[in-house]
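Heads up: the structure comes next, in structure tokens.
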Amino acid sequence: CEIDDRFSKFDIKTEMRRQKLDTRHWRYTLANSNYKLCDSYPSILVVPRLSDDYLLEETAKFRSKARLPVLTWYDHTSGASICRCAQPRVGLGSNTSVADEEHIRLIRTAGGRRSRRLVIIDCRSQIAADANSLKGKGTEIISNYPFCKLLFQDIGNLHAVRHSLNMLRSALISTEDDKNWLLQIHRSGWLGHNASILSAATRAAYYIKHRKSSVIIHCSDGWDRTAQVSSLAQLLLDPFYRTIKGFIVLINKDWVSF
């Protein structure tokens, strides 16, 4: 079917108005208008109102590729939110950032509730996250983030998924009998990758909907797995994204813009 051209012209402010963003607690910032804050982020970012641009700059220094936590979806009924980012630069020295800790605290309390819980969903396995500390990165030292919980989801990285896809392709063009064909599908691990992504998205949606907790999603650099989990969670939470127009908005917002 044909799609009206206006549907493909994404505007973050229009989308946030649709989400009924509470601008008493959140704001638009042009700190990245020249893409110097983060060259892989959109020019307009949505952040807590009390996170000033200096705090954003300091937080970006602590995140891989400067991909700091920013808002992508807001639940106007509870004030809970979904933010996305990249892994922190913790490293073997267990580095910390007062700015990062404060920024995440402001995300957690942006809905007006100081006691609101926040769940950090790390799409990787704990082993993979720990291995990244050898490269000067890693995952949050959760004791530095009050009222926050850290969950690992064990989703395979790009290389594992590519290998799995190649095995799946081989199985699909195979001339083996049914028994061996099903075994090849199983050995590809493709269904397992899909299941782990769906599990992470369901968990994110559960905390937003039923626990009224905010969620931050990241993997290593905050794309691929982060976009997959974030998008699927929003599809579960927001019926608008299950329309043709809404799905276009979702792809523009969580894939093209980031």
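Here, A, B, ... name the chains of the structure tokens in the order displayed, residue numbers run from 1 inside each chain, and ligands are numbered from 1 in the same displayed order.
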
Subject >> Exercise: Val229 (chain A) partners within 9 Å, only C-alpha atoms, chain neighbours under 5 positions left out, as a PyMOL selection string >> reply: chain A and resi 123+197-202+204+217+224+234

So that I have them on file, write out the residues from the current selection with all heavy atoms, as an mmCIF file, in the first residue's frame.
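Saved the output as part_29.cif:
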```cif
data_model
loop_
_atom_site.group_PDB
_atom_site.id
_atom_site.type_symbol
_atom_site.label_atom_id
_atom_site.label_comp_id
_atom_site.auth_asym_id
_atom_site.auth_seq_id
_atom_site.Cartn_x
_atom_site.Cartn_y
_atom_site.Cartn_z
ATOM 1 N N CYS A 123 21.876 -5.661 27.574
ATOM 2 C CA CYS A 123 21.492 -6.713 26.626
ATOM 3 C C CYS A 123 22.518 -7.846 26.536
ATOM 4 O O CYS A 123 22.216 -8.922 26.019
ATOM 5 C CB CYS A 123 21.271 -6.111 25.246
ATOM 6 S SG CYS A 123 19.919 -4.906 25.192
ATOM 7 N N ILE A 197 15.930 -11.884 22.529
ATOM 8 C CA ILE A 197 15.529 -10.498 22.267
ATOM 9 C C ILE A 197 14.093 -10.257 22.727
ATOM 10 O O ILE A 197 13.792 -9.251 23.381
ATOM 11 C CB ILE A 197 15.685 -10.164 20.774
ATOM 12 C CG1 ILE A 197 17.166 -10.192 20.374
ATOM 13 C CG2 ILE A 197 15.077 -8.809 20.451
ATOM 14 C CD1 ILE A 197 17.405 -10.141 18.882
ATOM 15 N N LEU A 198 13.205 -11.191 22.420
ATOM 16 C CA LEU A 198 11.810 -11.070 22.844
ATOM 17 C C LEU A 198 11.693 -11.085 24.371
ATOM 18 O O LEU A 198 10.883 -10.360 24.955
ATOM 19 C CB LEU A 198 10.980 -12.197 22.234
ATOM 20 C CG LEU A 198 10.690 -12.077 20.725
ATOM 21 C CD1 LEU A 198 10.100 -13.381 20.196
ATOM 22 C CD2 LEU A 198 9.748 -10.920 20.450
ATOM 23 N N SER A 199 12.507 -11.910 25.010
ATOM 24 C CA SER A 199 12.494 -11.989 26.472
ATOM 25 C C SER A 199 12.904 -10.656 27.092
ATOM 26 O O SER A 199 12.281 -10.181 28.050
ATOM 27 C CB SER A 199 13.437 -13.099 26.948
ATOM 28 O OG SER A 199 13.544 -13.112 28.356
ATOM 29 N N ALA A 200 13.940 -10.028 26.538
ATOM 30 C CA ALA A 200 14.411 -8.741 27.057
ATOM 31 C C ALA A 200 13.355 -7.656 26.856
ATOM 32 O O ALA A 200 13.103 -6.837 27.745
ATOM 33 C CB ALA A 200 15.708 -8.341 26.363
ATOM 34 N N ALA A 201 12.716 -7.651 25.692
ATOM 35 C CA ALA A 201 11.681 -6.651 25.409
ATOM 36 C C ALA A 201 10.475 -6.829 26.332
ATOM 37 O O ALA A 201 9.910 -5.857 26.839
ATOM 38 C CB ALA A 201 11.244 -6.748 23.948
ATOM 39 N N THR A 202 10.106 -8.082 26.551
ATOM 40 C CA THR A 202 8.982 -8.370 27.444
ATOM 41 C C THR A 202 9.295 -7.920 28.864
ATOM 42 O O THR A 202 8.436 -7.359 29.565
ATOM 43 C CB THR A 202 8.661 -9.873 27.427
ATOM 44 O OG1 THR A 202 8.346 -10.283 26.098
ATOM 45 C CG2 THR A 202 7.478 -10.196 28.331
ATOM 46 N N ALA A 204 11.361 -5.508 29.759
ATOM 47 C CA ALA A 204 11.321 -4.043 29.795
ATOM 48 C C ALA A 204 9.878 -3.552 29.875
ATOM 49 O O ALA A 204 9.548 -2.669 30.680
ATOM 50 C CB ALA A 204 12.010 -3.467 28.562
ATOM 51 N N ILE A 217 18.072 1.014 28.577
ATOM 52 C CA ILE A 217 18.518 -0.138 27.790
ATOM 53 C C ILE A 217 19.844 0.195 27.121
ATOM 54 O O ILE A 217 19.999 1.261 26.531
ATOM 55 C CB ILE A 217 17.481 -0.506 26.717
ATOM 56 C CG1 ILE A 217 16.119 -0.823 27.355
ATOM 57 C CG2 ILE A 217 17.951 -1.689 25.880
ATOM 58 C CD1 ILE A 217 14.973 -0.937 26.359
ATOM 59 N N ASP A 224 22.093 -1.800 17.417
ATOM 60 C CA ASP A 224 21.758 -3.217 17.221
ATOM 61 C C ASP A 224 20.841 -3.753 18.323
ATOM 62 O O ASP A 224 19.643 -3.553 18.280
ATOM 63 C CB ASP A 224 23.028 -4.067 17.106
ATOM 64 C CG ASP A 224 23.821 -3.764 15.852
ATOM 65 O OD1 ASP A 224 23.204 -3.388 14.856
ATOM 66 O OD2 ASP A 224 25.048 -3.872 15.871
ATOM 67 N N GLN A 234 8.462 -1.083 22.961
ATOM 68 C CA GLN A 234 7.497 -0.038 22.611
ATOM 69 C C GLN A 234 6.335 -0.585 21.793
ATOM 70 O O GLN A 234 5.192 -0.124 21.929
ATOM 71 C CB GLN A 234 8.209 1.090 21.861
ATOM 72 C CG GLN A 234 9.166 1.880 22.743
ATOM 73 C CD GLN A 234 9.998 2.863 21.954
ATOM 74 O OE1 GLN A 234 9.498 3.877 21.483
ATOM 75 N NE2 GLN A 234 11.293 2.575 21.798
#
```

Enumerate, as a PDB file with C-alpha atoms, in the first residue's frame, the complete set of residues in region 8-227 of chain A that a backbone-based DSSP assignment places in helix (DSSP H, G or I).
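Okay, out-v6.pdb is ready:
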```
ATOM      1  CA  SER A   8       8.053   9.494   6.658  1.00  0.00           C
ATOM      2  CA  ILE A  12      10.843  14.226  17.621  1.00  0.00           C
ATOM      3  CA  LYS A  13       8.802  17.079  19.102  1.00  0.00           C
ATOM      4  CA  THR A  14       5.677  15.956  17.260  1.00  0.00           C
ATOM      5  CA  GLU A  15       6.181  12.415  18.486  1.00  0.00           C
ATOM      6  CA  MET A  16       6.781  13.514  22.076  1.00  0.00           C
ATOM      7  CA  ARG A  17       3.611  15.592  22.007  1.00  0.00           C
ATOM      8  CA  ARG A  18       1.759  12.468  20.886  1.00  0.00           C
ATOM      9  CA  ASP A  53      24.002  20.822  29.052  1.00  0.00           C
ATOM     10  CA  TYR A  54      27.213  20.779  31.083  1.00  0.00           C
ATOM     11  CA  LEU A  55      26.002  17.659  32.908  1.00  0.00           C
ATOM     12  CA  LEU A  56      25.192  16.067  29.544  1.00  0.00           C
ATOM     13  CA  GLU A  57      28.696  16.792  28.258  1.00  0.00           C
ATOM     14  CA  GLU A  58      30.277  15.221  31.340  1.00  0.00           C
ATOM     15  CA  THR A  59      27.974  12.210  31.134  1.00  0.00           C
ATOM     16  CA  ALA A  60      28.813  11.697  27.457  1.00  0.00           C
ATOM     17  CA  LYS A  61      32.508  11.463  28.363  1.00  0.00           C
ATOM     18  CA  SER A  64      31.094   4.568  24.944  1.00  0.00           C
ATOM     19  CA  LYS A  65      31.110   6.661  21.749  1.00  0.00           C
ATOM     20  CA  ALA A  66      29.584   9.470  23.866  1.00  0.00           C
ATOM     21  CA  VAL A  98      29.451  11.669  39.374  1.00  0.00           C
ATOM     22  CA  ALA A  99      27.828  13.270  36.323  1.00  0.00           C
ATOM     23  CA  ASP A 100      26.593   9.936  34.964  1.00  0.00           C
ATOM     24  CA  GLU A 101      25.220   8.929  38.360  1.00  0.00           C
ATOM     25  CA  GLU A 102      23.420  12.266  38.723  1.00  0.00           C
ATOM     26  CA  HIS A 103      22.016  12.153  35.193  1.00  0.00           C
ATOM     27  CA  ILE A 104      20.585   8.675  35.761  1.00  0.00           C
ATOM     28  CA  ARG A 105      19.172   9.780  39.111  1.00  0.00           C
ATOM     29  CA  LEU A 106      17.393  12.619  37.320  1.00  0.00           C
ATOM     30  CA  ILE A 107      16.035  10.188  34.723  1.00  0.00           C
ATOM     31  CA  ARG A 108      14.738   7.967  37.513  1.00  0.00           C
ATOM     32  CA  GLN A 126      27.543 -10.599  32.426  1.00  0.00           C
ATOM     33  CA  ILE A 127      30.617 -12.420  31.077  1.00  0.00           C
ATOM     34  CA  ALA A 128      30.560 -10.291  27.911  1.00  0.00           C
ATOM     35  CA  ALA A 129      30.087  -7.096  29.921  1.00  0.00           C
ATOM     36  CA  ASP A 130      32.963  -7.993  32.221  1.00  0.00           C
ATOM     37  CA  ALA A 131      35.156  -8.773  29.209  1.00  0.00           C
ATOM     38  CA  ASN A 132      34.553  -5.251  27.932  1.00  0.00           C
ATOM     39  CA  SER A 133      36.188  -3.892  31.075  1.00  0.00           C
ATOM     40  CA  LEU A 134      39.471  -5.089  29.565  1.00  0.00           C
ATOM     41  CA  LYS A 135      38.857  -2.494  26.841  1.00  0.00           C
ATOM     42  CA  ILE A 142      25.087  -0.628  40.421  1.00  0.00           C
ATOM     43  CA  SER A 143      25.818   0.245  44.053  1.00  0.00           C
ATOM     44  CA  ASN A 144      26.571   3.783  42.809  1.00  0.00           C
ATOM     45  CA  LEU A 158      26.573  -8.933  15.924  1.00  0.00           C
ATOM     46  CA  HIS A 159      29.198 -11.567  15.119  1.00  0.00           C
ATOM     47  CA  ALA A 160      27.247 -14.369  16.810  1.00  0.00           C
ATOM     48  CA  VAL A 161      24.046 -13.351  15.027  1.00  0.00           C
ATOM     49  CA  ARG A 162      25.796 -13.142  11.647  1.00  0.00           C
ATOM     50  CA  HIS A 163      27.224 -16.651  12.143  1.00  0.00           C
ATOM     51  CA  SER A 164      23.780 -17.908  13.148  1.00  0.00           C
ATOM     52  CA  LEU A 165      22.170 -16.294  10.101  1.00  0.00           C
ATOM     53  CA  ASN A 166      24.711 -17.939   7.779  1.00  0.00           C
ATOM     54  CA  MET A 167      23.931 -21.332   9.316  1.00  0.00           C
ATOM     55  CA  LEU A 168      20.213 -20.658   8.934  1.00  0.00           C
ATOM     56  CA  ARG A 169      20.675 -19.769   5.260  1.00  0.00           C
ATOM     57  CA  SER A 170      22.611 -22.980   4.707  1.00  0.00           C
ATOM     58  CA  ALA A 171      19.813 -24.957   6.317  1.00  0.00           C
ATOM     59  CA  LEU A 172      17.141 -23.267   4.204  1.00  0.00           C
ATOM     60  CA  ASP A 178      13.306 -33.347   7.236  1.00  0.00           C
ATOM     61  CA  LYS A 179      15.003 -34.828  10.296  1.00  0.00           C
ATOM     62  CA  ASN A 180      18.430 -33.421   9.471  1.00  0.00           C
ATOM     63  CA  TRP A 181      16.920 -30.155   8.248  1.00  0.00           C
ATOM     64  CA  LEU A 182      15.268 -29.495  11.602  1.00  0.00           C
ATOM     65  CA  LEU A 183      18.526 -30.372  13.317  1.00  0.00           C
ATOM     66  CA  GLN A 184      20.355 -27.782  11.188  1.00  0.00           C
ATOM     67  CA  ILE A 185      17.765 -25.159  12.107  1.00  0.00           C
ATOM     68  CA  HIS A 186      18.274 -25.972  15.762  1.00  0.00           C
ATOM     69  CA  ARG A 187      22.058 -25.863  15.504  1.00  0.00           C
ATOM     70  CA  SER A 188      21.939 -22.440  13.844  1.00  0.00           C
ATOM     71  CA  TRP A 190      18.522 -18.522  15.223  1.00  0.00           C
ATOM     72  CA  LEU A 191      15.408 -19.220  17.261  1.00  0.00           C
ATOM     73  CA  GLY A 192      17.423 -18.803  20.444  1.00  0.00           C
ATOM     74  CA  HIS A 193      18.577 -15.330  19.369  1.00  0.00           C
ATOM     75  CA  ASN A 194      14.993 -14.332  18.633  1.00  0.00           C
ATOM     76  CA  ALA A 195      13.806 -15.710  21.960  1.00  0.00           C
ATOM     77  CA  SER A 196      16.432 -13.802  23.957  1.00  0.00           C
ATOM     78  CA  ILE A 197      15.529 -10.498  22.267  1.00  0.00           C
ATOM     79  CA  LEU A 198      11.810 -11.070  22.844  1.00  0.00           C
ATOM     80  CA  SER A 199      12.494 -11.989  26.472  1.00  0.00           C
ATOM     81  CA  ALA A 200      14.411  -8.741  27.057  1.00  0.00           C
ATOM     82  CA  ALA A 201      11.681  -6.651  25.409  1.00  0.00           C
ATOM     83  CA  THR A 202       8.982  -8.370  27.444  1.00  0.00           C
ATOM     84  CA  ARG A 203      10.921  -7.734  30.629  1.00  0.00           C
ATOM     85  CA  ALA A 204      11.321  -4.043  29.795  1.00  0.00           C
ATOM     86  CA  ALA A 205       7.597  -3.716  29.044  1.00  0.00           C
ATOM     87  CA  TYR A 206       6.729  -5.534  32.275  1.00  0.00           C
ATOM     88  CA  TYR A 207       8.715  -3.151  34.457  1.00  0.00           C
ATOM     89  CA  ILE A 208       7.202  -0.130  32.735  1.00  0.00           C
ATOM     90  CA  LYS A 209       3.601  -1.343  32.737  1.00  0.00           C
ATOM     91  CA  ARG A 225      20.595  -5.030  20.393  1.00  0.00           C
ATOM     92  CA  THR A 226      19.577  -1.794  22.102  1.00  0.00           C
ATOM     93  CA  ALA A 227      17.406  -0.736  19.166  1.00  0.00           C
TER      94      ALA A 227
END
```

**OP:** Just give me the gap between CA of Ala31 (chain A) and CA of Tyr74 (chain A) in Å, one decimal is fine.
**Re:**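 Atom-to-atom, CA of Ala31 (chain A) and CA of Tyr74 (chain A) are spaced 20.8 Å apart.
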
Original post:
So which bits of region 37-209 of chain A end up strand (DSSP E) when you DSSP the backbone, as JSON, numbers by chain?
Top reply: {"A": [45, 46, 47, 48, 70, 71, 72, 73, 74, 81, 82, 83, 84, 118, 119, 120, 121, 122, 148, 149, 150, 151, 152]}

Original post:
How many Å lie between CA of Ser78 (chain A) and CA of Val215 (chain A), rounded to one decimal?
Top reply: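 The value is 12.9 Å.
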
Original post:
A:Arg67, A:Gly138, A:Asp52, A:Arg114: which is nearest Val90 (chain A), counting only C-alpha atoms?
Top reply: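 Using only C-alpha atoms, the shortest distance to Val90 (chain A) belongs to A:Gly138.
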
Original post:
Which neighbours of Tyr41 (chain A) fall inside 9 Å, counting only C-alpha atoms, when residues of the same chain fewer than 6 positions from it are skipped, and could you give them as a ChimeraX atom specification?
Top reply: /A:32,35,67,257-258

May I have the selected residues written with C-alpha atoms, as a PDB file, in the first residue's frame?
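Output saved as out-v8.pdb:
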```
ATOM      1  CA  ASN A  32      24.000  18.116  20.004  1.00  0.00           C
ATOM      2  CA  TYR A  35      26.787  16.700  16.458  1.00  0.00           C
ATOM      3  CA  ARG A  67      26.174   7.797  23.598  1.00  0.00           C
ATOM      4  CA  SER A 257      17.900   8.744  14.307  1.00  0.00           C
ATOM      5  CA  PHE A 258      20.184   6.726  16.584  1.00  0.00           C
TER       6      PHE A 258
END
```

Within 12 Å of region 236-239 of chain A, which residues of region 74-109 of chain A come that close, and what is the closest atom pair and distance in Å for each? Count only C-alpha atoms and give it as JSON lines.
```
{"residue": "A:Tyr74", "atom": "CA", "partner": "A:Asp238", "partner_atom": "CA", "distance": 10.0}
{"residue": "A:Asp75", "atom": "CA", "partner": "A:Leu237", "partner_atom": "CA", "distance": 8.9}
{"residue": "A:His76", "atom": "CA", "partner": "A:Asp238", "partner_atom": "CA", "distance": 11.3}
{"residue": "A:Thr77", "atom": "CA", "partner": "A:Leu237", "partner_atom": "CA", "distance": 11.8}
{"residue": "A:Ala80", "atom": "CA", "partner": "A:Leu237", "partner_atom": "CA", "distance": 11.8}
{"residue": "A:Ser81", "atom": "CA", "partner": "A:Leu237", "partner_atom": "CA", "distance": 11.2}
{"residue": "A:Ile82", "atom": "CA", "partner": "A:Leu237", "partner_atom": "CA", "distance": 10.8}
```

**OP:** Provide the CA of Arg84 (chain A) to CA of Leu68 (chain A) distance in Å, to one decimal place.
**Re:**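 Distance between the two atoms: 7.8 Å.
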
Original post:
Contacts of Thr29 (chain A) at 7 Å or less, counting only C-alpha atoms, minus same-chain residues fewer than 2 places along, as a PyMOL selection string?
Top reply: chain A and resi 27+31+44-46

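For Ser115 (chain A), the non-local neighbours within 10 Å, defined as residues at least 6 positions apart in the same chain or in other chains and counting only C-alpha atoms, are Arg108, Thr109, Pro146, Phe147 and Ser213 of chain A.
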
Write the residues of the preceding selection, restricted to N, CA, C and O atoms, as a short mmCIF file (atom, residue, chain, number, x, y, z; two decimals), in the first residue's frame.
```cif
data_model
loop_
_atom_site.label_atom_id
_atom_site.label_comp_id
_atom_site.auth_asym_id
_atom_site.auth_seq_id
_atom_site.Cartn_x
_atom_site.Cartn_y
_atom_site.Cartn_z
N ARG A 108 15.57 8.79 36.62
CA ARG A 108 14.74 7.97 37.51
C ARG A 108 13.64 8.79 38.18
O ARG A 108 12.50 8.32 38.30
N THR A 109 13.95 9.99 38.58
CA THR A 109 12.99 10.82 39.33
C THR A 109 12.24 11.82 38.46
O THR A 109 11.47 12.63 38.98
N PRO A 146 21.54 4.51 43.33
CA PRO A 146 20.47 4.15 44.28
C PRO A 146 19.13 3.91 43.59
O PRO A 146 18.81 4.55 42.58
N PHE A 147 18.36 2.97 44.12
CA PHE A 147 17.03 2.61 43.62
C PHE A 147 17.10 2.04 42.20
O PHE A 147 16.08 2.03 41.50
N SER A 213 8.18 1.26 36.81
CA SER A 213 9.61 1.59 36.90
C SER A 213 10.09 2.12 35.57
O SER A 213 9.60 1.72 34.51
#
```

**OP:** Kindly indicate which residue among A:Ser220, A:Ser214, A:Thr243, A:Gln153 lies nearest to Arg89 (chain A), using only C-alpha atoms for the distances.
**Re:**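 Nearest candidate to Arg89 (chain A) out of A:Ser220, A:Ser214, A:Thr243, A:Gln153: A:Ser220.
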
Subject >> Using only C-alpha atoms: which of A:Gly111, A:Gly222, A:Gly246, A:Gly79 has the shortest distance to Ser40 (chain A) >> reply: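 Comparing A:Gly111, A:Gly222, A:Gly246, A:Gly79 against Ser40 (chain A), the winner is A:Gly222.
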